[in-house]
file structure30.cif (mmCIF, C-alpha atoms and all ligand atoms)
data_coords
loop_
_atom_site.label_atom_id
_atom_site.label_comp_id
_atom_site.auth_asym_id
_atom_site.auth_seq_id
_atom_site.Cartn_x
_atom_site.Cartn_y
_atom_site.Cartn_z
CA MET M 1050 -16.14 -134.25 -39.05
CA ASP M 1051 -15.32 -133.11 -35.53
CA ILE M 1052 -17.32 -131.56 -32.71
CA ILE M 1053 -15.13 -128.46 -32.35
CA SER M 1054 -15.90 -127.34 -35.91
CA ILE M 1055 -19.61 -127.98 -35.31
CA ILE M 1056 -19.51 -125.79 -32.19
CA GLU M 1057 -17.56 -123.11 -34.10
CA LYS M 1058 -20.07 -123.24 -36.96
CA LYS M 1059 -23.02 -122.58 -34.63
CA LYS M 1060 -21.00 -119.98 -32.75
CA ASN M 1061 -20.56 -118.18 -36.08
CA ARG M 1062 -24.33 -118.30 -36.75
CA LEU M 1063 -24.08 -120.82 -39.59
CA THR M 1064 -26.65 -123.52 -40.33
CA LEU M 1065 -25.92 -127.09 -39.22
CA ASN M 1066 -26.71 -129.88 -41.65
CA GLU M 1067 -28.25 -133.27 -40.89
CA SER M 1068 -24.97 -135.19 -40.65
CA GLU M 1069 -23.47 -132.60 -38.27
CA ILE M 1070 -26.53 -132.77 -36.03
CA ASP M 1071 -26.46 -136.60 -36.08
CA PHE M 1072 -22.72 -136.61 -35.39
CA ALA M 1073 -23.08 -134.37 -32.32
CA LEU M 1074 -26.06 -136.27 -30.91
CA ASN M 1075 -24.68 -139.76 -31.52
CA GLY M 1076 -21.27 -138.82 -30.15
CA TYR M 1077 -22.81 -137.36 -27.01
CA LEU M 1078 -25.06 -140.36 -26.54
CA GLU M 1079 -22.26 -142.92 -26.87
CA GLY M 1080 -19.86 -140.85 -24.73
CA SER M 1081 -17.20 -139.77 -27.24
CA ILE M 1082 -18.40 -136.16 -26.89
CA PRO M 1083 -18.18 -135.04 -23.25
CA ASP M 1084 -20.64 -132.87 -21.30
CA TYR M 1085 -18.49 -129.76 -21.69
CA GLN M 1086 -18.48 -129.87 -25.50
CA MET M 1087 -22.21 -130.55 -25.67
CA SER M 1088 -22.74 -127.69 -23.19
CA ALA M 1089 -20.79 -125.36 -25.50
CA LEU M 1090 -22.90 -126.43 -28.48
CA LEU M 1091 -26.14 -125.97 -26.52
CA MET M 1092 -25.03 -122.50 -25.44
CA ALA M 1093 -24.17 -121.59 -29.05
CA ILE M 1094 -27.68 -122.73 -30.07
CA TRP M 1095 -29.13 -120.75 -27.16
CA PHE M 1096 -27.44 -117.57 -28.40
CA ASN M 1097 -27.74 -118.00 -32.15
CA GLY M 1098 -30.90 -120.07 -32.58
CA MET M 1099 -31.73 -122.48 -35.40
CA ASN M 1100 -33.90 -122.21 -38.49
CA TYR M 1101 -36.98 -124.42 -38.94
CA GLN M 1102 -35.08 -127.02 -41.02
CA GLU M 1103 -32.39 -127.36 -38.35
CA ILE M 1104 -35.00 -127.68 -35.59
CA ASN M 1105 -36.84 -130.32 -37.59
CA LYS M 1106 -33.61 -132.27 -38.20
CA LEU M 1107 -32.60 -132.00 -34.55
CA THR M 1108 -36.05 -133.24 -33.51
CA MET M 1109 -36.00 -136.22 -35.87
CA SER M 1110 -32.43 -137.12 -34.94
CA MET M 1111 -33.33 -137.09 -31.23
CA ALA M 1112 -36.54 -139.05 -31.86
CA LYS M 1113 -34.57 -141.68 -33.83
CA SER M 1114 -31.86 -141.94 -31.16
CA GLY M 1115 -34.08 -144.61 -29.56
CA GLU M 1116 -37.17 -146.58 -30.33
CA ILE M 1117 -40.17 -145.12 -32.15
CA ILE M 1118 -43.00 -146.83 -30.33
CA ASP M 1119 -45.61 -148.56 -32.46
CA LEU M 1120 -48.97 -148.11 -30.75
CA SER M 1121 -51.02 -149.47 -33.65
CA SER M 1122 -52.10 -152.50 -31.61
CA ILE M 1123 -54.07 -150.18 -29.29
CA PRO M 1124 -57.52 -149.46 -30.73
CA GLY M 1125 -58.68 -145.84 -31.11
CA ILE M 1126 -56.93 -142.51 -31.60
CA LYS M 1127 -54.12 -142.24 -29.06
CA VAL M 1128 -53.61 -138.70 -27.73
CA ASP M 1129 -50.57 -137.43 -25.82
CA LYS M 1130 -50.19 -134.10 -24.04
CA HIS M 1131 -47.16 -132.04 -23.04
CA SER M 1132 -46.55 -128.76 -21.27
CA THR M 1133 -43.52 -126.54 -21.75
CA GLY M 1134 -43.56 -126.31 -17.96
CA GLY M 1135 -44.22 -123.82 -15.28
CA VAL M 1136 -44.33 -123.28 -11.55
CA GLY M 1137 -46.97 -125.44 -9.86
CA ASP M 1138 -47.89 -127.11 -13.15
CA LYS M 1139 -49.48 -130.34 -11.95
CA THR M 1140 -51.86 -130.46 -14.93
CA THR M 1141 -50.81 -133.90 -16.20
CA ILE M 1142 -51.56 -135.61 -12.89
CA ALA M 1143 -55.19 -134.45 -12.91
CA LEU M 1144 -55.78 -134.30 -16.65
CA ILE M 1145 -54.62 -137.73 -17.82
CA PRO M 1146 -57.04 -139.72 -15.62
CA MET M 1147 -59.90 -137.36 -16.58
CA VAL M 1148 -59.35 -137.85 -20.28
CA ALA M 1149 -58.65 -141.58 -20.00
CA ALA M 1150 -61.88 -142.01 -18.02
CA ALA M 1151 -63.70 -140.28 -20.90
CA GLY M 1152 -62.47 -143.01 -23.26
CA VAL M 1153 -59.27 -141.56 -24.79
CA PRO M 1154 -56.21 -143.87 -24.85
CA VAL M 1155 -53.38 -141.74 -23.41
CA PRO M 1156 -49.76 -142.92 -23.72
CA LYS M 1157 -48.13 -140.12 -21.71
CA ILE M 1158 -44.39 -139.55 -21.70
CA SER M 1159 -43.29 -137.02 -19.07
CA GLY M 1160 -40.10 -135.35 -17.87
CA ARG M 1161 -38.34 -134.58 -14.62
CA ALA M 1162 -37.82 -131.18 -13.00
CA LEU M 1163 -36.21 -128.59 -15.25
CA GLY M 1164 -34.76 -125.30 -13.99
CA HIS M 1165 -37.14 -123.52 -11.64
CA THR M 1166 -40.05 -125.78 -12.64
CA GLY M 1167 -40.99 -129.23 -11.35
CA GLY M 1168 -41.45 -132.34 -13.51
CA THR M 1169 -44.31 -134.82 -13.55
CA VAL M 1170 -42.04 -137.86 -13.15
CA ASP M 1171 -40.52 -136.46 -9.92
CA LYS M 1172 -43.97 -135.50 -8.65
CA LEU M 1173 -45.39 -138.95 -9.30
CA GLU M 1174 -42.47 -140.53 -7.47
CA SER M 1175 -43.87 -139.01 -4.27
CA ILE M 1176 -46.34 -141.88 -4.48
CA ALA M 1177 -44.47 -144.78 -2.86
CA ASN M 1178 -43.17 -147.37 -5.35
CA PHE M 1179 -44.80 -145.67 -8.36
CA LYS M 1180 -42.82 -146.97 -11.35
CA THR M 1181 -42.24 -144.53 -14.21
CA ASP M 1182 -39.72 -146.73 -16.03
CA LEU M 1183 -42.02 -149.34 -17.53
CA THR M 1184 -40.80 -151.37 -20.49
CA VAL M 1185 -42.28 -150.43 -23.85
CA GLU M 1186 -44.33 -153.68 -23.83
CA ASN M 1187 -45.70 -152.85 -20.39
CA PHE M 1188 -46.42 -149.25 -21.43
CA ILE M 1189 -48.43 -150.46 -24.43
CA SER M 1190 -50.28 -153.17 -22.50
CA SER M 1191 -51.15 -150.64 -19.78
CA VAL M 1192 -52.74 -148.24 -22.25
CA LYS M 1193 -54.61 -151.19 -23.80
CA LYS M 1194 -55.84 -152.35 -20.41
CA ILE M 1195 -56.76 -149.12 -18.61
CA ASN M 1196 -56.47 -146.41 -21.30
CA ALA M 1197 -53.51 -144.63 -19.70
CA SER M 1198 -49.94 -144.88 -18.59
CA ILE M 1199 -47.56 -142.10 -17.49
CA ILE M 1200 -43.88 -142.87 -17.88
CA GLY M 1201 -40.56 -141.01 -17.98
CA SER M 1202 -38.27 -141.01 -20.98
CA THR M 1203 -35.89 -143.29 -19.10
CA ILE M 1204 -36.53 -146.23 -21.37
CA ASN M 1205 -35.34 -146.10 -24.92
CA ILE M 1206 -37.56 -143.14 -25.90
CA ALA M 1207 -35.54 -140.25 -27.34
CA PRO M 1208 -32.49 -141.09 -25.17
CA ALA M 1209 -30.60 -138.17 -26.73
CA ASP M 1210 -33.20 -135.79 -25.32
CA HIS M 1211 -33.07 -137.58 -21.98
CA LYS M 1212 -29.33 -136.95 -21.69
CA ILE M 1213 -29.39 -133.41 -23.10
CA TYR M 1214 -32.42 -132.44 -20.97
CA ALA M 1215 -30.46 -133.23 -17.79
CA LEU M 1216 -27.51 -131.20 -19.10
CA ARG M 1217 -29.68 -128.21 -20.08
CA ASP M 1218 -31.14 -128.24 -16.59
CA VAL M 1219 -27.77 -127.35 -15.09
CA THR M 1220 -26.17 -125.24 -17.83
CA GLY M 1221 -28.64 -122.36 -18.23
CA THR M 1222 -29.77 -123.56 -21.67
CA ILE M 1223 -33.42 -124.35 -21.07
CA ASN M 1224 -35.27 -121.34 -22.44
CA SER M 1225 -34.36 -121.72 -26.08
CA ILE M 1226 -37.07 -122.17 -28.72
CA PRO M 1227 -35.11 -124.70 -30.86
CA LEU M 1228 -34.04 -126.72 -27.81
CA MET M 1229 -37.53 -126.76 -26.28
CA ALA M 1230 -39.26 -127.59 -29.57
CA SER M 1231 -36.90 -130.46 -30.38
CA SER M 1232 -36.92 -131.79 -26.81
CA ILE M 1233 -40.70 -131.93 -26.64
CA MET M 1234 -41.42 -133.04 -30.19
CA SER M 1235 -38.72 -135.77 -30.24
CA LYS M 1236 -40.38 -137.41 -27.23
CA LYS M 1237 -43.83 -137.00 -28.74
CA ILE M 1238 -42.78 -138.50 -32.09
CA ALA M 1239 -40.96 -141.39 -30.41
CA GLY M 1240 -43.97 -141.91 -28.12
CA GLY M 1241 -46.08 -142.89 -31.11
CA ALA M 1242 -49.38 -141.12 -30.29
CA ASP M 1243 -51.66 -140.14 -33.18
CA ALA M 1244 -52.52 -136.67 -31.87
CA LEU M 1245 -50.95 -134.13 -29.54
CA VAL M 1246 -52.18 -131.33 -27.32
CA LEU M 1247 -49.33 -129.04 -26.28
CA ASN M 1248 -49.58 -126.44 -23.55
CA VAL M 1249 -47.15 -123.61 -24.22
CA THR M 1250 -46.89 -121.51 -21.07
CA VAL M 1251 -45.81 -117.88 -21.10
CA GLY M 1252 -44.96 -115.43 -18.34
CA GLU M 1253 -42.90 -115.08 -15.15
CA GLY M 1254 -43.21 -118.73 -14.13
CA ALA M 1255 -42.64 -120.20 -17.58
CA PHE M 1256 -39.46 -120.55 -19.63
CA LEU M 1257 -40.70 -118.02 -22.19
CA ASN M 1258 -41.61 -114.55 -21.03
CA ASN M 1259 -42.95 -113.10 -24.18
CA PHE M 1260 -46.12 -113.89 -26.08
CA GLU M 1261 -44.48 -113.73 -29.56
CA ASP M 1262 -41.88 -116.34 -28.51
CA ALA M 1263 -44.65 -118.60 -27.18
CA ILE M 1264 -46.53 -118.32 -30.48
CA SER M 1265 -43.38 -119.04 -32.42
CA LEU M 1266 -42.65 -122.16 -30.28
CA GLY M 1267 -46.29 -123.27 -30.64
CA GLU M 1268 -46.23 -122.84 -34.42
CA ILE M 1269 -42.95 -124.72 -34.84
CA MET M 1270 -44.22 -127.66 -32.75
CA VAL M 1271 -47.57 -127.76 -34.55
CA ASN M 1272 -45.76 -127.81 -37.92
CA ILE M 1273 -43.44 -130.62 -36.81
CA GLY M 1274 -46.45 -132.56 -35.49
CA LYS M 1275 -48.36 -132.12 -38.73
CA SER M 1276 -45.40 -133.10 -40.89
CA ASN M 1277 -45.35 -136.33 -38.87
CA HIS M 1278 -49.07 -136.85 -39.62
CA LYS M 1279 -50.21 -136.08 -36.09
CA LYS M 1280 -53.14 -133.81 -35.41
CA THR M 1281 -51.50 -131.20 -33.17
CA TYR M 1282 -52.89 -128.34 -31.11
CA ALA M 1283 -50.80 -125.84 -29.16
CA VAL M 1284 -52.64 -123.98 -26.41
CA ILE M 1285 -50.85 -120.85 -25.21
CA SER M 1286 -51.61 -120.23 -21.54
CA SER M 1287 -50.53 -117.63 -19.04
CA MET M 1288 -48.08 -118.54 -16.28
CA GLU M 1289 -47.77 -115.10 -14.65
CA GLN M 1290 -48.21 -116.65 -11.21
CA PRO M 1291 -47.93 -120.28 -10.08
CA LEU M 1292 -50.73 -122.57 -11.25
CA GLY M 1293 -52.93 -123.45 -8.29
CA TYR M 1294 -51.51 -122.85 -4.83
CA ALA M 1295 -49.09 -125.72 -4.21
CA VAL M 1296 -45.49 -125.81 -5.49
CA GLY M 1297 -43.33 -128.85 -4.65
CA ASN M 1298 -43.60 -132.52 -5.52
CA SER M 1299 -45.92 -134.24 -3.05
CA LEU M 1300 -47.78 -130.98 -2.31
CA GLU M 1301 -48.66 -130.77 -6.00
CA VAL M 1302 -49.86 -134.37 -6.11
CA GLN M 1303 -52.15 -133.50 -3.19
CA GLU M 1304 -53.53 -130.49 -5.04
CA ALA M 1305 -54.13 -132.51 -8.23
CA LEU M 1306 -56.01 -135.03 -6.07
CA GLU M 1307 -58.21 -132.21 -4.77
CA LEU M 1308 -59.29 -131.52 -8.34
CA LEU M 1309 -59.98 -135.21 -8.93
CA ASN M 1310 -62.13 -135.03 -5.79
CA ASN M 1311 -64.11 -132.24 -7.50
CA LYS M 1312 -62.52 -129.46 -5.47
CA GLY M 1313 -59.19 -127.78 -6.10
CA PRO M 1314 -58.12 -124.38 -7.44
CA SER M 1315 -60.17 -122.79 -10.23
CA ASP M 1316 -57.20 -122.00 -12.52
CA LEU M 1317 -56.00 -125.62 -12.40
CA LYS M 1318 -59.51 -126.80 -13.20
CA GLU M 1319 -59.86 -124.32 -16.07
CA ILE M 1320 -56.64 -125.37 -17.80
CA CYS M 1321 -57.35 -129.09 -17.31
CA LEU M 1322 -60.85 -128.76 -18.76
CA PHE M 1323 -59.58 -126.69 -21.68
CA LEU M 1324 -56.68 -128.96 -22.63
CA GLY M 1325 -58.82 -132.02 -21.93
CA SER M 1326 -61.58 -130.82 -24.25
CA TYR M 1327 -59.02 -130.54 -27.08
CA MET M 1328 -57.76 -134.04 -26.29
CA LEU M 1329 -61.35 -135.33 -26.55
CA MET M 1330 -61.81 -133.52 -29.87
CA ALA M 1331 -58.52 -134.87 -31.20
CA ALA M 1332 -59.64 -138.39 -30.24
CA GLY M 1333 -63.01 -137.93 -31.95
CA ILE M 1334 -64.96 -138.45 -28.69
CA VAL M 1335 -66.70 -135.07 -29.07
CA ASN M 1336 -67.05 -132.64 -31.98
CA LYS M 1337 -67.44 -129.45 -30.04
CA GLN M 1338 -65.19 -128.09 -27.35
CA LYS M 1339 -68.08 -127.20 -25.08
CA ASP M 1340 -69.30 -130.82 -25.16
CA GLY M 1341 -65.82 -131.93 -24.11
CA ILE M 1342 -65.84 -129.58 -21.14
CA LYS M 1343 -69.30 -130.78 -20.11
CA LEU M 1344 -68.25 -134.43 -20.31
CA LEU M 1345 -65.08 -133.83 -18.29
CA LYS M 1346 -66.97 -131.93 -15.58
CA LYS M 1347 -69.32 -134.90 -15.28
CA ILE M 1348 -66.40 -137.33 -15.09
CA ILE M 1349 -64.81 -135.37 -12.25
CA ALA M 1350 -68.11 -134.98 -10.39
CA ASN M 1351 -69.06 -138.67 -10.57
CA GLY M 1352 -65.66 -139.81 -9.30
CA SER M 1353 -64.61 -141.73 -12.38
CA ALA M 1354 -61.50 -139.54 -12.93
CA LEU M 1355 -60.33 -140.29 -9.39
CA THR M 1356 -61.03 -144.00 -9.86
CA LYS M 1357 -59.02 -143.92 -13.09
CA PHE M 1358 -56.08 -142.30 -11.31
CA MET M 1359 -56.15 -145.09 -8.71
CA GLU M 1360 -56.11 -147.63 -11.54
CA ILE M 1361 -53.08 -145.89 -13.09
CA VAL M 1362 -51.26 -145.81 -9.74
CA ASP M 1363 -52.10 -149.44 -9.00
CA ASN M 1364 -51.07 -150.54 -12.49
CA GLN M 1365 -47.68 -148.83 -12.01
CA LYS M 1366 -47.19 -150.45 -8.60
CA GLY M 1367 -47.76 -147.24 -6.61
CA ASN M 1368 -49.38 -147.15 -3.19
CA VAL M 1369 -53.08 -146.52 -3.80
CA ASN M 1370 -53.69 -145.88 -0.10
CA GLN M 1371 -51.87 -142.56 -0.51
CA ILE M 1372 -54.38 -141.57 -3.16
CA ARG M 1373 -57.29 -142.51 -0.91
CA GLU M 1374 -55.65 -140.69 1.98
CA PRO M 1375 -53.36 -137.96 0.62
CA LYS M 1376 -52.07 -137.18 4.11
CA LEU M 1377 -50.01 -140.40 3.75
CA LEU M 1378 -47.94 -138.77 0.97
CA PRO M 1379 -44.45 -137.56 2.00
CA ARG M 1380 -44.71 -134.68 4.49
CA ALA M 1381 -42.05 -132.20 5.51
CA LYS M 1382 -41.10 -132.10 9.20
CA TYR M 1383 -41.71 -128.37 9.61
CA LYS M 1384 -43.97 -125.68 8.26
CA LYS M 1385 -43.99 -121.94 8.76
CA ASP M 1386 -46.19 -119.11 7.51
CA ILE M 1387 -44.69 -116.12 5.78
CA ASN M 1388 -46.80 -113.20 7.00
CA SER M 1389 -47.47 -110.04 5.12
CA PRO M 1390 -45.86 -106.81 6.37
CA PHE M 1391 -48.35 -104.78 4.29
CA ARG M 1392 -52.03 -104.68 3.39
CA GLY M 1393 -53.63 -104.40 -0.03
CA PHE M 1394 -54.65 -106.37 -3.08
CA VAL M 1395 -52.06 -108.79 -4.40
CA LYS M 1396 -51.15 -107.56 -7.89
CA LYS M 1397 -48.23 -109.85 -8.66
CA VAL M 1398 -46.75 -113.13 -7.38
CA GLU M 1399 -43.34 -113.65 -8.95
CA ALA M 1400 -43.66 -117.26 -9.96
CA ARG M 1401 -39.98 -117.64 -10.80
CA ILE M 1402 -38.97 -116.68 -7.25
CA ILE M 1403 -41.47 -119.17 -5.83
CA GLY M 1404 -40.13 -121.87 -8.18
CA GLN M 1405 -36.49 -121.11 -7.40
CA SER M 1406 -37.18 -120.99 -3.66
CA THR M 1407 -38.90 -124.37 -3.84
CA MET M 1408 -35.86 -125.72 -5.66
CA LEU M 1409 -33.54 -124.30 -2.97
CA LEU M 1410 -35.63 -126.02 -0.30
CA GLY M 1411 -34.56 -129.26 -2.02
CA ALA M 1412 -37.43 -129.97 -4.41
CA GLY M 1413 -35.28 -129.55 -7.55
CA ARG M 1414 -31.73 -130.29 -8.70
CA MET M 1415 -28.74 -127.93 -8.54
CA LYS M 1416 -26.46 -130.48 -10.21
CA LYS M 1417 -27.12 -133.36 -12.59
CA GLY M 1418 -28.27 -136.43 -10.70
CA ASP M 1419 -28.87 -134.64 -7.35
CA ASP M 1420 -31.37 -136.35 -5.05
CA ILE M 1421 -34.50 -134.32 -4.46
CA ASP M 1422 -36.70 -133.90 -1.41
CA LEU M 1423 -40.23 -134.91 -2.39
CA SER M 1424 -41.91 -133.47 0.68
CA VAL M 1425 -40.80 -129.82 0.69
CA GLY M 1426 -42.41 -126.87 -1.02
CA ILE M 1427 -44.45 -123.71 -0.76
CA VAL M 1428 -48.21 -123.32 -0.61
CA LEU M 1429 -49.45 -119.87 -1.57
CA ARG M 1430 -52.16 -118.50 0.67
CA LYS M 1431 -52.85 -115.49 -1.53
CA LYS M 1432 -52.93 -115.06 -5.29
CA ILE M 1433 -53.41 -112.15 -7.69
CA GLY M 1434 -56.60 -110.22 -6.86
CA ASP M 1435 -56.81 -111.43 -3.24
CA TRP M 1436 -56.91 -108.94 -0.39
CA VAL M 1437 -54.26 -109.38 2.30
CA ASN M 1438 -54.17 -107.78 5.75
CA GLU M 1439 -51.02 -106.98 7.65
CA LYS M 1440 -49.69 -110.11 9.44
CA GLU M 1441 -51.93 -112.38 7.37
CA PRO M 1442 -50.07 -115.33 5.74
CA LEU M 1443 -49.01 -114.89 2.14
CA ALA M 1444 -47.57 -118.39 1.88
CA THR M 1445 -46.70 -121.44 3.98
CA VAL M 1446 -43.27 -123.03 3.62
CA TYR M 1447 -42.87 -126.80 4.15
CA TYR M 1448 -39.25 -127.70 4.89
CA ASN M 1449 -36.92 -130.24 6.48
CA ASP M 1450 -33.76 -128.16 6.79
CA LYS M 1451 -33.86 -124.93 8.82
CA LYS M 1452 -30.82 -123.52 6.97
CA LYS M 1453 -32.62 -123.88 3.66
CA TYR M 1454 -35.70 -122.19 5.09
CA ASP M 1455 -33.56 -119.26 6.32
CA LEU M 1456 -32.05 -118.97 2.86
CA ILE M 1457 -35.37 -118.45 1.09
CA LYS M 1458 -37.76 -116.85 3.58
CA ASP M 1459 -36.99 -113.24 2.60
CA SER M 1460 -37.21 -113.91 -1.11
CA ILE M 1461 -40.75 -115.25 -0.72
CA LEU M 1462 -41.82 -111.90 0.71
CA LYS M 1463 -40.19 -110.20 -2.27
CA ALA M 1464 -42.26 -112.35 -4.64
CA PHE M 1465 -45.51 -110.69 -3.49
CA HIS M 1466 -46.49 -107.19 -4.66
CA THR M 1467 -49.60 -105.32 -3.53
CA THR M 1468 -51.64 -102.34 -4.62
CA ASP M 1469 -54.59 -100.31 -3.25
CA LYS M 1470 -56.79 -100.96 -6.24
CA ARG M 1471 -58.12 -104.44 -7.12
CA PRO M 1472 -56.11 -105.51 -10.20
CA GLU M 1473 -58.04 -106.48 -13.31
CA GLY M 1474 -58.31 -110.23 -13.91
CA LYS M 1475 -56.34 -111.51 -16.91
CA PRO M 1476 -57.28 -114.54 -19.03
CA LEU M 1477 -55.53 -117.85 -18.41
CA ILE M 1478 -55.96 -119.21 -21.94
CA LEU M 1479 -54.44 -116.87 -24.50
CA LYS M 1480 -54.57 -118.61 -27.88
CA VAL M 1481 -54.93 -121.95 -29.66
CA ILE M 1482 -52.73 -122.83 -32.65
CA SER M 1483 -53.79 -125.71 -34.87
N1 LIG M 1501 -40.40 -129.86 -21.48
C1 LIG M 1501 -39.58 -130.65 -22.21
O1 LIG M 1501 -39.80 -131.85 -22.34
N2 LIG M 1501 -38.50 -130.11 -22.76
C2 LIG M 1501 -38.20 -128.80 -22.66
O2 LIG M 1501 -37.22 -128.36 -23.21
C3 LIG M 1501 -39.06 -127.97 -21.89
C4 LIG M 1501 -40.16 -128.54 -21.31
#

call {"tool": "encode", "arguments": {"input": "structure30.cif", "output": "structure tokens", "more": "lines below"}}
Ligand code: URA
result
Amino acid sequence: MDIISIIEKKKNRLTLNESEIDFALNGYLEGSIPDYQMSALLMAIWFNGMNYQEINKLTMSMAKSGEIIDLSSIPGIKVDKHSTGGVGDKTTIALIPMVAAAGVPVPKISGRALGHTGGTVDKLESIANFKTDLTVENFISSVKKINASIIGSTINIAPADHKIYALRDVTGTINSIPLMASSIMSKKIAGGADALVLNVTVGEGAFLNNFEDAISLGEIMVNIGKSNHKKTYAVISSMEQPLGYAVGNSLEVQEALELLNNKGPSDLKEICLFLGSYMLMAAGIVNKQKDGIKLLKKIIANGSALTKFMEIVDNQKGNVNQIREPKLLPRAKYKKDINSPFRGFVKKVEARIIGQSTMLLGAGRMKKGDDIDLSVGIVLRKKIGDWVNEKEPLATVYYNDKKKYDLIKDSILKAFHTTDKRPEGKPLILKVIS
């Protein structure tokens, strides 16, 4: 067997078998297959897709490339959550403490920034000393002790995904249903949770732009989850504009903290309560979704979600003072408003432009292994449906490098579109697949 024939086979739209998939993954992981050959294979998959059996095999091979964590020593039904990503998606940071405070053990495995979207692990690293690379033993004992731990897949959890994820980020191969499904589900299977709640985002700011593709991704992941005996829900949600207002690592942590302080943007709150209520149902804490929402609202209002987040930060050696006083989180040196040249109702905010601009400010990676700037980003001042007057700010840019600001300032203006008539509100939650 050789990698060139495997690439050729996928290039010619043929089906890969289990040993070919294992050969490619193992070779890439141990270094005998270089980045450029794996990139060619990923691009062939991007163009020609995979059938369900191939996706399932790819998922299982990636999951088995490292350790499958045994969480059976933790009492209760362990529930993990994952989002396919989007601009301003800081859901995990607010949601995990809420759900853990409600009594659900949450072993959460997160990723880094991908393409135009941020990643939870990078965001959490804006908290000084926060460790996302716990050992498996430490991960398990943390969930036992405080009901939650959020780690990256740096330890031996689906290492094949870890390596391929970084390569996809810089080779234009992210938005592929087989690659997304196998990336997410391999981590979830290796992570060992009993139940999964998956947020599949669709729209401008997501990786998938079309509703049918989102459904297809959701269905594939739910089927893989079920065939691994995990109760799995996929919630399809709209990502037409950024979630919340803040985009950029430490700015997003600050916004998630606002929600934990019982404030924060309404769309962020809505998605957290919705996903959280499914996590509570999956864990058997409530039977009805509306009871889950009620319980989570109470947990936010009485401060126990915020307290739980402090426990998580403290347990992972992060600086809790920054949670008590978010102004101590990394701050950019400069900020500037982008003012509107027109008046009207905002009808569209092109989330992808906002995400890409944030990346160009330094918040994301252009090349594998690039350092990122945790303090920079963009805070929207207007969202769809808001009225804006001429010269009123549409967004505020936080930056450290004037050249980078100059590079993106015009594109931010282009991201906003207005109209004379108030646009109709669209739902955030589109469908649940179970
Ligand atoms: N999140 C992941 O973990 N993998 C993807 O491919 C996309 C989002």

call {"tool": "closest_residue", "arguments": {"input": "structure30.cif", "among": "M:Asn1100, M:Asn1364, M:Ser1286, M:Ser1276", "to": "Lys1180 in chain M", "atoms": "only C-alpha atoms"}}
result
M:Asn1364

call {"tool": "residues_near_ligand", "arguments": {"input": "structure30.cif", "ligand": "ligand LIG 1501 (chain M)", "cutoff": "7 Å", "atoms": "all atoms listed in the file", "output": "list in words"}}
result
Ser1132, Thr1133, Gly1134, Gly1160, Tyr1214, Ile1223, Leu1228, Met1229, Ala1230, Ser1232 and Ile1233 of chain M

call {"tool": "atom_distance", "arguments": {"input": "structure30.cif", "atom1": "CA of Ala1295 in chain M", "atom2": "CA of Lys1432 in chain M"}}
result
11.4 Å

call {"tool": "residues_around", "arguments": {"input": "structure30.cif", "residues": "range 1313-1319 of chain M", "least_positions_apart": "6", "cutoff": "7 Å", "atoms": "only C-alpha atoms", "output": "compact mmCIF listing (two decimals) with C-alpha atoms, keeping the file's coordinate frame"}}
result
# COMPACT_ATOMS: atom_id res chain seq x y z
CA THR M 1140 -51.86 -130.46 -14.93
CA LEU M 1292 -50.73 -122.57 -11.25
CA GLY M 1293 -52.93 -123.45 -8.29
CA GLU M 1304 -53.53 -130.49 -5.04
CA GLU M 1307 -58.21 -132.21 -4.77

call {"tool": "residues_near_point", "arguments": {"input": "structure30.cif", "point": "(-27.7, -117.9, -39.6)", "cutoff": "10 Å", "atoms": "all atoms listed in the file", "output": "list of chain:residue names"}}
result
M:Lys1058, M:Lys1059, M:Lys1060, M:Asn1061, M:Arg1062, M:Leu1063, M:Thr1064, M:Leu1065, M:Asn1097, M:Gly1098, M:Met1099, M:Asn1100

call {"tool": "closest_residue", "arguments": {"input": "structure30.cif", "among": "M:Lys1113, M:Lys1157, M:Lys1212, M:Lys1127", "to": "Ser1088 in chain M", "atoms": "only C-alpha atoms"}}
result
M:Lys1212

call {"tool": "residues_around", "arguments": {"input": "structure30.cif", "residues": "Phe1179 in chain M", "least_positions_apart": "5", "cutoff": "10 Å", "atoms": "only C-alpha atoms", "output": "tab-separated table (two decimals) with C-alpha atoms, keeping the file's coordinate frame"}}
result
chain	number	residue	atom	x	y	z
M	1170	VAL	CA	-42.04	-137.86	-13.15
M	1173	LEU	CA	-45.39	-138.95	-9.30
M	1174	GLU	CA	-42.47	-140.53	-7.47
M	1200	ILE	CA	-43.88	-142.87	-17.88
M	1361	ILE	CA	-53.08	-145.89	-13.09
M	1362	VAL	CA	-51.26	-145.81	-9.74
M	1363	ASP	CA	-52.10	-149.44	-9.00
M	1364	ASN	CA	-51.07	-150.54	-12.49
M	1365	GLN	CA	-47.68	-148.83	-12.01
M	1366	LYS	CA	-47.19	-150.45	-8.60
M	1367	GLY	CA	-47.76	-147.24	-6.61
M	1368	ASN	CA	-49.38	-147.15	-3.19
M	1369	VAL	CA	-53.08	-146.52	-3.80

call {"tool": "axis_aligned_box", "arguments": {"input": "structure30.cif", "around": "range 1341-1358 of chain M", "padding_each_side": "8 Å", "output": "lines of an AutoDock Vina configuration file"}}
result
center_x = -62.7
center_y = -136.8
center_z = -16.7
size_x = 29.2
size_y = 30.4
size_z = 30.8

call {"tool": "closest_residue", "arguments": {"input": "structure30.cif", "among": "M:Ile1213, M:Met1415, M:Leu1409, M:Val1398", "to": "Lys1451 in chain M", "atoms": "only C-alpha atoms"}}
result
M:Leu1409

call {"tool": "atom_distance", "arguments": {"input": "structure30.cif", "atom1": "CA of Leu1355 in chain M", "atom2": "CA of Leu1309 in chain M"}}
result
5.1 Å
